[in-house]
>>> print(open('query.csv').read())   # CSV, C-alpha atoms and all ligand atoms
chain,number,residue,atom,x,y,z
M,1,MET,CA,-27.6,-27.1,-37.1
M,2,ILE,CA,-26.9,-23.4,-36.3
M,3,SER,CA,-23.8,-21.3,-36.3
M,4,VAL,CA,-21.9,-20.3,-33.2
M,5,LYS,CA,-23.1,-16.7,-33.5
M,6,GLU,CA,-26.7,-17.7,-33.9
M,7,ALA,CA,-26.4,-20.0,-30.9
M,8,GLN,CA,-24.8,-17.2,-28.8
M,9,SER,CA,-27.6,-14.7,-29.7
M,10,LYS,CA,-30.4,-17.3,-29.0
M,11,ILE,CA,-29.0,-17.8,-25.5
M,12,GLN,CA,-29.0,-14.0,-24.9
M,13,GLU,CA,-32.5,-13.7,-26.2
M,14,ASN,CA,-33.9,-16.4,-24.0
M,15,SER,CA,-32.0,-15.7,-20.8
M,16,ARG,CA,-33.8,-13.1,-18.6
M,17,ILE,CA,-32.3,-10.8,-16.1
M,18,LEU,CA,-33.2,-12.1,-12.7
M,19,ASN,CA,-35.1,-10.1,-10.0
M,20,SER,CA,-33.2,-7.9,-7.6
M,21,VAL,CA,-32.5,-8.4,-4.0
M,22,SER,CA,-31.3,-6.1,-1.2
M,23,LYS,CA,-27.8,-7.1,0.1
M,24,SER,CA,-25.1,-5.7,2.4
M,25,VAL,CA,-22.3,-4.3,0.2
M,26,GLU,CA,-19.8,-6.7,1.7
M,27,ASN,CA,-21.9,-9.7,0.5
M,28,ALA,CA,-22.6,-8.2,-2.9
M,29,LEU,CA,-19.1,-8.6,-4.3
M,30,ASP,CA,-19.1,-9.2,-8.1
M,31,GLN,CA,-22.9,-8.6,-8.3
M,32,VAL,CA,-24.5,-6.0,-10.4
M,33,LEU,CA,-26.5,-3.0,-9.1
M,34,SER,CA,-30.1,-3.3,-10.2
M,35,GLU,CA,-30.8,0.4,-9.6
M,36,ASP,CA,-28.8,3.7,-9.5
M,37,VAL,CA,-27.3,4.5,-6.2
M,38,LYS,CA,-27.7,8.2,-5.3
M,39,SER,CA,-25.4,9.8,-2.8
M,40,PRO,CA,-27.2,10.4,0.5
M,41,ILE,CA,-24.6,13.1,1.4
M,42,HIS,CA,-22.3,15.7,0.0
M,43,MET,CA,-18.8,14.2,0.0
M,44,PRO,CA,-16.9,15.6,1.6
M,45,PRO,CA,-19.7,16.6,3.9
M,46,PHE,CA,-18.0,19.9,4.9
M,47,SER,CA,-15.0,21.8,3.6
M,48,GLN,CA,-11.9,20.0,4.8
M,49,SER,CA,-8.3,20.7,5.3
M,50,ALA,CA,-6.1,18.6,2.9
M,51,MET,CA,-3.0,19.2,4.9
M,52,ASP,CA,-1.6,19.4,8.4
M,53,GLY,CA,-1.0,23.1,8.7
M,54,TYR,CA,-2.7,26.4,9.5
M,55,ALA,CA,-6.0,27.8,8.3
M,56,ILE,CA,-5.3,31.5,7.5
M,57,GLY,CA,-7.8,34.4,7.3
M,58,SER,CA,-6.2,36.2,4.3
M,59,GLN,CA,-3.3,36.1,1.9
M,60,GLY,CA,-1.0,37.9,4.3
M,61,ASN,CA,2.2,36.7,5.9
M,62,THR,CA,1.8,37.0,9.6
M,63,PHE,CA,-1.2,35.9,11.6
M,64,LYS,CA,-2.3,35.7,15.2
M,65,LEU,CA,-2.7,32.1,16.3
M,66,VAL,CA,-6.2,31.8,17.8
M,67,GLY,CA,-6.7,28.1,18.4
M,68,GLU,CA,-6.6,24.5,17.0
M,69,ILE,CA,-9.0,22.3,15.1
M,70,GLN,CA,-8.6,18.6,15.2
M,71,ALA,CA,-10.0,16.1,12.7
M,72,GLY,CA,-13.6,15.3,13.9
M,73,ALA,CA,-14.1,18.7,15.7
M,74,ASP,CA,-17.1,20.9,14.8
M,75,SER,CA,-15.7,24.3,13.9
M,76,SER,CA,-18.9,25.5,12.2
M,77,GLY,CA,-19.3,28.2,14.9
M,78,MET,CA,-15.8,29.7,14.3
M,79,THR,CA,-15.0,32.6,12.0
M,80,LEU,CA,-11.4,33.7,11.3
M,81,LYS,CA,-10.6,37.3,11.0
M,82,SER,CA,-8.2,38.4,8.3
M,83,ASN,CA,-5.2,38.6,10.6
M,84,GLU,CA,-6.0,35.3,12.4
M,85,ALA,CA,-4.9,31.7,11.9
M,86,VAL,CA,-5.7,28.4,13.5
M,87,ARG,CA,-3.7,25.2,13.7
M,88,ILE,CA,-5.5,22.6,11.7
M,89,PHE,CA,-5.0,19.0,10.7
M,90,THR,CA,-5.8,16.8,7.7
M,91,GLY,CA,-9.5,16.1,7.4
M,92,ALA,CA,-10.5,18.7,9.9
M,93,MET,CA,-13.4,21.1,9.3
M,94,ILE,CA,-12.3,24.5,7.8
M,95,PRO,CA,-13.6,27.4,9.9
M,96,ASN,CA,-15.6,30.2,8.3
M,97,GLY,CA,-13.5,33.0,6.8
M,98,THR,CA,-10.6,30.8,5.8
M,99,PHE,CA,-8.6,32.1,2.9
M,100,ALA,CA,-6.4,29.0,2.5
M,101,VAL,CA,-4.6,26.3,4.5
M,102,ALA,CA,-0.8,26.8,4.6
M,103,LYS,CA,1.0,23.5,5.1
M,104,GLN,CA,3.1,23.4,8.2
M,105,GLU,CA,6.4,22.9,6.2
M,106,ILE,CA,6.2,26.6,5.0
M,107,VAL,CA,5.2,28.0,8.4
M,108,GLU,CA,7.4,29.5,11.0
M,109,LYS,CA,5.8,29.7,14.4
M,110,ASN,CA,6.2,31.2,17.9
M,111,LYS,CA,3.9,30.9,20.8
M,112,THR,CA,1.3,33.5,19.6
M,113,GLU,CA,2.1,34.1,15.9
M,114,ILE,CA,2.8,32.4,12.7
M,115,ARG,CA,4.7,33.6,9.6
M,116,ILE,CA,4.0,32.1,6.1
M,117,THR,CA,7.1,31.8,3.9
M,118,GLU,CA,5.3,31.2,0.6
M,119,LYS,CA,2.3,33.1,-0.8
M,120,GLN,CA,-0.9,31.1,-0.7
M,121,LYS,CA,-3.6,30.9,-3.4
M,122,HIS,CA,-7.2,31.3,-2.5
M,123,LEU,CA,-8.6,28.0,-1.1
M,124,GLN,CA,-5.3,26.2,-1.4
M,125,ASN,CA,-5.1,22.9,0.4
M,126,ILE,CA,-8.9,22.8,1.0
M,127,ARG,CA,-11.2,20.0,-0.2
M,128,PRO,CA,-14.5,21.9,-0.8
M,129,LEU,CA,-17.8,20.6,0.4
M,130,GLY,CA,-19.2,18.2,-2.2
M,131,GLU,CA,-16.0,18.2,-4.2
M,132,GLN,CA,-16.3,14.4,-4.9
M,133,ILE,CA,-20.1,14.2,-5.2
M,134,LYS,CA,-23.1,16.2,-4.3
M,135,LYS,CA,-26.0,14.9,-2.3
M,136,GLY,CA,-28.6,13.3,-4.6
M,137,ASP,CA,-26.3,12.9,-7.6
M,138,ILE,CA,-25.8,9.4,-9.0
M,139,ALA,CA,-22.8,7.8,-7.3
M,140,LEU,CA,-23.0,4.5,-9.2
M,141,PRO,CA,-25.4,3.8,-12.1
M,142,LYS,CA,-27.5,0.6,-12.4
M,143,GLY,CA,-25.4,-2.1,-14.0
M,144,THR,CA,-22.2,-1.3,-12.1
M,145,VAL,CA,-20.4,-4.4,-10.8
M,146,ILE,CA,-19.5,-4.4,-7.1
M,147,THR,CA,-15.7,-4.5,-6.8
M,148,PRO,CA,-13.6,-3.6,-3.8
M,149,GLY,CA,-13.3,-0.1,-5.4
M,150,THR,CA,-17.1,0.4,-5.9
M,151,ALA,CA,-17.7,-1.0,-2.4
M,152,GLY,CA,-15.2,1.4,-1.0
M,153,PHE,CA,-16.8,4.4,-2.7
M,154,LEU,CA,-20.2,3.4,-1.4
M,155,TYR,CA,-18.9,3.0,2.2
M,156,THR,CA,-17.4,6.6,2.0
M,157,LEU,CA,-20.9,7.8,1.3
M,158,GLY,CA,-22.3,5.8,4.2
M,159,VAL,CA,-24.1,3.3,2.0
M,160,ASN,CA,-23.8,-0.3,3.2
M,161,GLN,CA,-26.9,-1.9,1.6
M,162,VAL,CA,-27.6,-2.1,-2.1
M,163,SER,CA,-30.1,-3.6,-4.6
M,164,VAL,CA,-28.4,-6.1,-6.8
M,165,THR,CA,-29.5,-8.6,-9.4
M,166,LYS,CA,-29.8,-12.1,-7.9
M,167,LYS,CA,-27.5,-14.9,-9.0
M,168,PRO,CA,-29.1,-17.8,-10.7
M,169,ASN,CA,-29.8,-21.1,-8.9
M,170,ILE,CA,-28.0,-23.7,-10.9
M,171,ILE,CA,-28.4,-27.5,-10.9
M,172,ILE,CA,-25.9,-29.7,-12.7
M,173,LEU,CA,-27.1,-33.2,-13.6
M,174,SER,CA,-24.6,-35.7,-14.8
M,175,THR,CA,-25.7,-38.9,-16.6
M,176,GLY,CA,-23.8,-42.1,-17.2
M,177,ASN,CA,-23.6,-45.6,-15.7
M,178,GLU,CA,-19.9,-45.6,-16.1
M,179,LEU,CA,-19.2,-42.7,-13.7
M,180,VAL,CA,-17.6,-43.0,-10.3
M,181,PRO,CA,-16.8,-40.0,-8.0
M,182,PRO,CA,-13.1,-39.1,-7.7
M,183,GLY,CA,-11.6,-40.6,-4.6
M,184,GLN,CA,-13.2,-43.9,-5.0
M,185,GLU,CA,-11.7,-47.1,-6.4
M,186,LEU,CA,-12.3,-47.6,-10.1
M,187,SER,CA,-13.8,-51.0,-11.0
M,188,PRO,CA,-13.5,-52.4,-14.6
M,189,GLY,CA,-15.5,-50.4,-17.1
M,190,LYS,CA,-15.8,-47.3,-15.0
M,191,ILE,CA,-14.2,-43.9,-15.3
M,192,TYR,CA,-14.1,-40.9,-12.9
M,193,GLU,CA,-17.0,-38.4,-13.0
M,194,SER,CA,-15.2,-35.1,-13.7
M,195,ASN,CA,-17.8,-32.9,-15.4
M,196,THR,CA,-19.8,-31.8,-12.4
M,197,TYR,CA,-16.7,-31.2,-10.3
M,198,THR,CA,-15.1,-29.2,-13.2
M,199,LEU,CA,-18.2,-27.1,-13.7
M,200,LYS,CA,-18.7,-26.6,-10.0
M,201,THR,CA,-15.1,-25.3,-9.8
M,202,ALA,CA,-15.6,-23.0,-12.8
M,203,LEU,CA,-18.8,-21.6,-11.2
M,204,LYS,CA,-16.8,-20.7,-8.1
M,205,LYS,CA,-15.4,-17.8,-10.2
M,206,PHE,CA,-18.9,-16.4,-10.2
M,207,ARG,CA,-19.4,-17.1,-6.5
M,208,ILE,CA,-22.3,-19.3,-7.5
M,209,GLN,CA,-23.2,-22.4,-5.5
M,210,VAL,CA,-24.6,-25.3,-7.4
M,211,THR,CA,-26.6,-28.4,-6.7
M,212,ILE,CA,-25.1,-31.6,-8.2
M,213,LYS,CA,-27.2,-34.6,-9.1
M,214,THR,CA,-26.0,-37.8,-10.8
M,215,ILE,CA,-28.2,-40.3,-12.6
M,216,GLU,CA,-27.7,-43.6,-14.4
M,217,ASP,CA,-28.7,-44.0,-18.0
M,218,ASN,CA,-32.3,-44.9,-17.4
M,219,TYR,CA,-35.1,-43.0,-19.2
M,220,GLU,CA,-37.5,-42.8,-16.3
M,221,ALA,CA,-34.9,-41.7,-13.9
M,222,THR,CA,-33.6,-39.1,-16.3
M,223,LYS,CA,-37.1,-37.7,-16.9
M,224,LYS,CA,-37.9,-37.6,-13.2
M,225,SER,CA,-34.7,-35.9,-12.3
M,226,ILE,CA,-35.0,-33.3,-15.1
M,227,GLN,CA,-38.7,-32.6,-14.2
M,228,GLU,CA,-37.9,-32.1,-10.5
M,229,SER,CA,-34.8,-30.0,-11.2
M,230,LEU,CA,-36.7,-27.7,-13.6
M,231,ASN,CA,-38.9,-26.5,-10.7
M,232,GLU,CA,-35.9,-25.8,-8.5
M,233,CYS,CA,-33.5,-23.7,-10.6
M,234,ASP,CA,-33.0,-20.9,-13.0
M,235,ILE,CA,-30.4,-22.8,-15.0
M,236,LEU,CA,-30.3,-26.6,-15.5
M,237,ILE,CA,-27.1,-28.0,-16.9
M,238,THR,CA,-27.0,-31.6,-17.9
M,239,THR,CA,-23.8,-33.4,-19.1
M,240,GLY,CA,-23.8,-36.5,-21.3
M,241,GLY,CA,-26.6,-38.5,-22.8
M,242,ILE,CA,-27.5,-35.8,-25.4
M,243,SER,CA,-26.0,-37.6,-28.4
M,244,VAL,CA,-27.5,-40.4,-30.6
M,245,GLY,CA,-26.5,-43.5,-28.6
M,246,ASP,CA,-29.2,-45.9,-27.5
M,247,TYR,CA,-28.7,-44.8,-23.9
M,248,ASP,CA,-28.7,-41.1,-24.5
M,249,PHE,CA,-32.0,-40.2,-22.9
M,250,VAL,CA,-31.6,-36.5,-22.1
M,251,GLY,CA,-33.0,-35.0,-25.4
M,252,LYS,CA,-36.1,-37.2,-25.3
M,253,ALA,CA,-36.7,-36.6,-21.6
M,254,MET,CA,-36.4,-32.8,-22.1
M,255,GLU,CA,-39.1,-32.9,-24.8
M,256,GLU,CA,-41.3,-35.2,-22.7
M,257,VAL,CA,-41.3,-32.8,-19.7
M,258,GLY,CA,-42.1,-29.8,-21.8
M,259,VAL,CA,-38.8,-28.2,-22.4
M,260,GLU,CA,-39.0,-26.1,-25.6
M,261,SER,CA,-36.0,-26.9,-27.8
M,262,ILE,CA,-34.3,-23.7,-29.0
M,263,PHE,CA,-31.4,-25.4,-30.7
M,264,TYR,CA,-29.8,-28.8,-30.7
M,265,LYS,CA,-26.5,-28.8,-32.6
M,266,ILE,CA,-24.0,-26.1,-33.4
M,267,LYS,CA,-21.7,-26.0,-36.3
M,268,GLN,CA,-18.6,-26.4,-34.1
M,269,LYS,CA,-16.0,-28.8,-32.7
M,270,PRO,CA,-16.0,-29.8,-30.0
M,271,GLY,CA,-19.5,-30.0,-28.8
M,272,LYS,CA,-21.6,-30.3,-31.9
M,273,PRO,CA,-24.5,-31.9,-30.1
M,274,ILE,CA,-25.4,-29.3,-27.5
M,275,PHE,CA,-29.0,-28.7,-26.5
M,276,PHE,CA,-30.4,-25.4,-25.4
M,277,GLY,CA,-34.0,-25.0,-24.4
M,278,LYS,CA,-36.4,-23.4,-22.0
M,279,ARG,CA,-39.3,-24.2,-19.8
M,280,ASN,CA,-41.1,-21.2,-18.3
M,281,SER,CA,-38.3,-19.0,-17.0
M,282,THR,CA,-35.7,-21.8,-16.6
M,283,VAL,CA,-33.2,-22.3,-19.3
M,284,VAL,CA,-31.6,-25.7,-20.0
M,285,PHE,CA,-28.2,-26.5,-21.4
M,286,GLY,CA,-27.6,-30.1,-22.4
M,287,LEU,CA,-23.8,-30.2,-22.6
M,288,PRO,CA,-21.9,-33.1,-24.2
M,289,GLY,CA,-20.5,-35.8,-21.9
M,290,ASN,CA,-16.9,-35.6,-23.2
M,291,PRO,CA,-15.2,-33.5,-20.5
M,292,ALA,CA,-13.3,-31.1,-22.8
M,293,ALA,CA,-16.4,-30.5,-24.9
M,294,ALA,CA,-18.4,-29.9,-21.8
M,295,LEU,CA,-16.0,-27.3,-20.4
M,296,SER,CA,-15.6,-25.5,-23.8
M,297,CYS,CA,-19.3,-25.3,-24.2
M,298,PHE,CA,-19.7,-24.1,-20.6
M,299,TYR,CA,-17.3,-21.2,-21.2
M,300,LEU,CA,-18.7,-20.4,-24.7
M,301,TYR,CA,-22.4,-20.7,-24.0
M,302,VAL,CA,-23.3,-21.2,-20.4
M,303,THR,CA,-21.2,-18.4,-18.9
M,304,PRO,CA,-22.7,-15.7,-21.2
M,305,GLY,CA,-26.2,-16.9,-20.2
M,306,ILE,CA,-25.2,-16.7,-16.5
M,307,ARG,CA,-23.8,-13.2,-17.0
M,308,LYS,CA,-26.9,-12.0,-18.7
M,309,MET,CA,-29.1,-13.4,-15.9
M,310,CYS,CA,-26.8,-11.6,-13.3
M,311,GLY,CA,-27.4,-8.3,-15.1
M,312,ILE,CA,-23.9,-8.0,-16.6
M,313,SER,CA,-23.9,-6.1,-19.8
M,314,ASP,CA,-20.7,-7.4,-21.3
M,315,VAL,CA,-21.6,-11.1,-21.4
M,316,SER,CA,-18.8,-12.7,-23.6
M,317,LEU,CA,-15.5,-13.9,-22.4
M,318,GLU,CA,-12.7,-11.4,-23.1
M,319,LYS,CA,-11.7,-11.6,-26.7
M,320,ARG,CA,-8.3,-10.8,-28.2
M,321,THR,CA,-6.8,-10.9,-31.7
M,322,LEU,CA,-3.5,-12.7,-31.6
M,323,LYS,CA,-0.9,-14.1,-34.1
M,324,LEU,CA,-0.6,-17.9,-34.6
M,325,THR,CA,2.8,-19.3,-33.8
M,326,SER,CA,2.4,-22.1,-36.4
M,327,ASP,CA,0.4,-23.1,-39.5
M,328,TYR,CA,-3.0,-24.8,-38.9
M,329,THR,CA,-5.3,-26.8,-41.1
M,330,LYS,CA,-8.9,-28.0,-40.3
M,331,SER,CA,-12.0,-28.9,-42.3
M,332,LYS,CA,-14.1,-26.0,-43.6
M,333,ASN,CA,-17.5,-26.9,-42.4
M,334,LEU,CA,-17.2,-26.3,-38.6
M,335,THR,CA,-15.9,-23.6,-36.3
M,336,HIS,CA,-13.2,-25.1,-34.2
M,337,PHE,CA,-12.5,-24.0,-30.6
M,338,LEU,CA,-9.0,-25.1,-29.7
M,339,LYS,CA,-7.3,-25.2,-26.3
M,340,ALA,CA,-4.4,-22.7,-26.7
M,341,LYS,CA,-1.9,-20.7,-24.8
M,342,CYS,CA,-1.4,-17.0,-25.4
M,343,TYR,CA,1.6,-14.9,-24.5
M,344,GLY,CA,2.1,-11.3,-25.6
M,345,ASP,CA,0.6,-10.9,-29.0
M,346,LYS,CA,1.0,-14.6,-29.9
M,347,VAL,CA,-1.1,-17.7,-29.5
M,348,ALA,CA,0.0,-21.4,-29.7
M,349,ILE,CA,-2.5,-24.1,-30.4
M,350,LEU,CA,-1.9,-27.0,-27.9
M,351,GLY,CA,-1.8,-30.7,-28.7
M,352,ALA,CA,-4.4,-33.2,-27.3
M,353,GLN,CA,-7.5,-31.5,-28.8
M,354,SER,CA,-9.7,-34.5,-28.4
M,355,SER,CA,-13.0,-33.7,-26.7
M,356,ALA,CA,-12.3,-36.6,-24.4
M,357,MET,CA,-9.1,-35.2,-23.1
M,358,LEU,CA,-8.8,-32.5,-20.4
M,359,SER,CA,-5.0,-32.6,-20.3
M,360,SER,CA,-4.7,-29.7,-22.8
M,361,PHE,CA,-7.2,-27.6,-20.7
M,362,ALA,CA,-4.8,-28.0,-17.8
M,363,SER,CA,-2.2,-25.9,-19.6
M,364,ALA,CA,-4.5,-23.7,-21.7
M,365,ASN,CA,-5.3,-20.1,-20.9
M,366,CYS,CA,-7.5,-19.4,-23.9
M,367,LEU,CA,-9.7,-21.0,-26.5
M,368,ALA,CA,-8.6,-20.1,-30.1
M,369,CYS,CA,-11.6,-19.7,-32.5
M,370,LEU,CA,-11.0,-20.9,-36.0
M,371,PRO,CA,-14.2,-20.1,-37.9
M,372,GLU,CA,-16.2,-22.2,-40.3
M,373,GLY,CA,-15.7,-21.4,-44.0
M,374,GLN,CA,-11.9,-21.3,-43.7
M,375,SER,CA,-9.6,-24.3,-43.6
M,376,GLU,CA,-6.0,-23.0,-43.6
M,377,TRP,CA,-4.0,-20.6,-41.5
M,378,LYS,CA,-0.4,-19.7,-41.8
M,379,LYS,CA,2.0,-18.9,-38.9
M,380,GLY,CA,1.6,-15.2,-38.1
M,381,ASP,CA,-2.1,-15.0,-39.2
M,382,ALA,CA,-4.3,-13.1,-36.8
M,383,ILE,CA,-7.0,-15.1,-35.1
M,384,GLU,CA,-9.5,-14.4,-32.4
M,385,VAL,CA,-9.1,-16.1,-29.0
M,386,TYR,CA,-11.4,-16.2,-25.9
M,387,ILE,CA,-9.5,-15.7,-22.7
M,388,LEU,CA,-10.4,-18.3,-20.1
M,389,PRO,CA,-11.4,-16.7,-16.8
O,1,LIG,P1,-22.2,-39.4,-23.6
O,1,LIG,O1,-22.4,-38.1,-24.3
O,1,LIG,O2,-23.0,-39.6,-22.5
O,1,LIG,O3,-22.2,-40.5,-24.6
O,1,LIG,O4,-20.7,-39.3,-23.1
O,1,LIG,C1,-19.6,-39.1,-24.0
O,1,LIG,C2,-18.3,-39.4,-23.3
O,1,LIG,O5,-18.1,-38.6,-22.2
O,1,LIG,C3,-18.2,-40.8,-22.8
O,1,LIG,O6,-16.9,-41.4,-22.9
O,1,LIG,C4,-18.6,-40.7,-21.3
O,1,LIG,O7,-18.0,-41.7,-20.5
O,1,LIG,C5,-17.9,-39.4,-21.0
O,1,LIG,N1,-18.6,-38.7,-19.9
O,1,LIG,C6,-19.9,-38.5,-19.8
O,1,LIG,N2,-20.3,-37.8,-18.7
O,1,LIG,C7,-19.1,-37.6,-18.0
O,1,LIG,C8,-18.8,-37.1,-16.8
O,1,LIG,N3,-19.7,-36.5,-16.0
O,1,LIG,N4,-17.5,-37.1,-16.4
O,1,LIG,C9,-16.5,-37.6,-17.2
O,1,LIG,N5,-16.8,-38.2,-18.3
O,1,LIG,C10,-18.0,-38.2,-18.8
O,2,MG,MG,-23.5,-41.3,-21.5
>>> encode(input="query.csv", output="structure tokens")
Amino acid sequence: MISVKEAQSKIQENSRILNSVSKSVENALDQVLSEDVKSPIHMPPFSQSAMDGYAIGSQGNTFKLVGEIQAGADSSGMTLKSNEAVRIFTGAMIPNGTFAVAKQEIVEKNKTEIRITEKQKHLQNIRPLGEQIKKGDIALPKGTVITPGTAGFLYTLGVNQVSVTKKPNIIILSTGNELVPPGQELSPGKIYESNTYTLKTALKKFRIQVTIKTIEDNYEATKKSIQESLNECDILITTGGISVGDYDFVGKAMEEVGVESIFYKIKQKPGKPIFFGKRNSTVVFGLPGNPAAALSCFYLYVTPGIRKMCGISDVSLEKRTLKLTSDYTKSKNLTHFLKAKCYGDKVAILGAQSSAMLSSFASANCLACLPEGQSEWKKGDAIEVYILP
């Protein structure tokens, strides 16, 4: 049995960053750049007016009006003399010889002349060429996550295709004779299969599609399904059948098909029996069958593995240190992860902590971590919580 920390670091050590793929920026949302993106242009690509107003040839007050430059027009052939001004609009190219742009609110104008009512500073209201970024400079470094903001920045540079780290192919395999898909009638002895649906929903947050397979508690079927799945995915997640019951075949089947066991039990509750292994480059998580244990373990162990594979450097769920709203007692030997609700700087441990019950997950927004080695907490004590995504 290993500690929570050891388990987390073994998952990181054994999960590889996946290969990269070229994608359109719009389809790369939430993915991670696998190489630096250099700016192909100066931005802005020319000196621009930041205002609707008048480009003036010197610091003087009166100027001869010699023309107009609209946004989009090429004024590179024009040069202002010191007594000249031109009407100009926001985003338009500044002509050569411009001292500053005077905004129109401070300009009095007749047909042929303008008069400036406030003294202008050199280059006032001008966005210089390359002010934001120079051609060839790194716009976004490798490891950047594509968000609407990063996408927007890339588009302003004319970049619409990027190299990103692939997302893992995931197969979820549920085991159990007792399981019936939601929506069907329950016959005696059966329960609804919730794990694959729950995990599939959780994976939507990562925009990862999964393949779901369900098998009965049959050794040969379990072995065959695991063997086939290993060849088809980067991450195989099983639920159930990993404990010590006579019909728990997952552990033995894993071994039989050549999955190297990296750990098989964590000093924690829920989810003490949880298998993690590897075959070639595919990693395998054998999650407990109990629904709340499966979901806790998914958040605590599977998501950091997924994030590593996706090239995300910050793999853990967001952690916060908050104050308990009541006393709490547990046994010393295991780390407990408890469904909890945080608000402000406080955290309340919820009821219904059984690993068979998802009801508390329905109202939880975090998992409170009460570490092994300690058994008592008082109201107001600071504890660490993992914020659920
Ligand atoms: P197991 O680890 O297979 O013994 O399962 C432990 C408990 O979780 C049992 O009560 C199972 O019925 C339940 N369970 C296992 N798999 C699922 C699942 N996919 N959905 C809902 N409950 C499950
Ligand atoms: Mg079972």
>>> residues_near_point(input="query.csv", point="(-6.6, 19.1, 3.8)", cutoff="9 Å", atoms="only C-alpha atoms", output="PyMOL selection string")
chain M and resi 47-53+88-94+101+103+124-127
>>> atom_distance(input="query.csv", atom1="CA of Phe276 (chain M)", atom2="CA of Leu295 (chain M)")
15.4 Å
>>> closest_atom_pairs(input="query.csv", of="chain M", to="ligand MG 2 (chain O)", cutoff="7 Å", atoms="only C-alpha atoms and all ligand atoms", output="JSON lines")
{"residue": "M:Thr175", "atom": "CA", "partner": "O:MG2", "partner_atom": "MG", "distance": 5.9}
{"residue": "M:Gly176", "atom": "CA", "partner": "O:MG2", "partner_atom": "MG", "distance": 4.4}
{"residue": "M:Asp217", "atom": "CA", "partner": "O:MG2", "partner_atom": "MG", "distance": 6.8}
{"residue": "M:Gly240", "atom": "CA", "partner": "O:MG2", "partner_atom": "MG", "distance": 4.8}
{"residue": "M:Gly241", "atom": "CA", "partner": "O:MG2", "partner_atom": "MG", "distance": 4.4}
{"residue": "M:Tyr247", "atom": "CA", "partner": "O:MG2", "partner_atom": "MG", "distance": 6.7}
{"residue": "M:Asp248", "atom": "CA", "partner": "O:MG2", "partner_atom": "MG", "distance": 6.0}
{"residue": "M:Gly289", "atom": "CA", "partner": "O:MG2", "partner_atom": "MG", "distance": 6.3}
>>> atom_distance(input="query.csv", atom1="CA of Pro188 (chain M)", atom2="CA of Ser225 (chain M)")
27.0 Å
>>> closest_residue(input="query.csv", among="M:Gly286, M:Gly344, M:Gly77, M:Gly130", to="ligand LIG 1 (chain O)", atoms="only C-alpha atoms and all ligand atoms")
M:Gly286
>>> closest_residue(input="query.csv", among="M:Lys379, M:Lys269, M:Lys323, M:Lys205", to="Thr335 (chain M)", atoms="only C-alpha atoms")
M:Lys269
>>> closest_atom_pairs(input="query.csv", of="chain M", to="ligand LIG 1 (chain O)", cutoff="6 Å", atoms="only C-alpha atoms and all ligand atoms", output="CSV")
residue,atom,partner,partner_atom,distance
M:Ser174,CA,O:LIG1,N3,5.1
M:Thr175,CA,O:LIG1,N2,5.9
M:Gly176,CA,O:LIG1,N2,5.7
M:Tyr192,CA,O:LIG1,C9,5.9
M:Glu193,CA,O:LIG1,N4,3.7
M:Ser194,CA,O:LIG1,N4,4.1
M:Asn195,CA,O:LIG1,N3,4.1
M:Thr196,CA,O:LIG1,N3,5.9
M:Thr239,CA,O:LIG1,N2,5.6
M:Gly240,CA,O:LIG1,O2,3.4
M:Gly241,CA,O:LIG1,O2,3.8
M:Ile242,CA,O:LIG1,O1,5.7
M:Ser243,CA,O:LIG1,O1,5.5
M:Pro288,CA,O:LIG1,O1,5.0
M:Gly289,CA,O:LIG1,C6,3.5
M:Asn290,CA,O:LIG1,O5,3.4
M:Pro291,CA,O:LIG1,C9,5.4
>>> closest_residue(input="query.csv", among="M:Phe153, M:Tyr301, M:Phe249, M:Tyr197", to="Ala221 (chain M)", atoms="only C-alpha atoms")
M:Phe249
>>> atom_distance(input="query.csv", atom1="CA of Asp314 (chain M)", atom2="CA of Asp36 (chain M)")
18.1 Å
>>> closest_residue(input="query.csv", among="M:Ile171, M:Leu317, M:Ile306, M:Ile383", to="Cys342 (chain M)", atoms="only C-alpha atoms")
M:Ile383
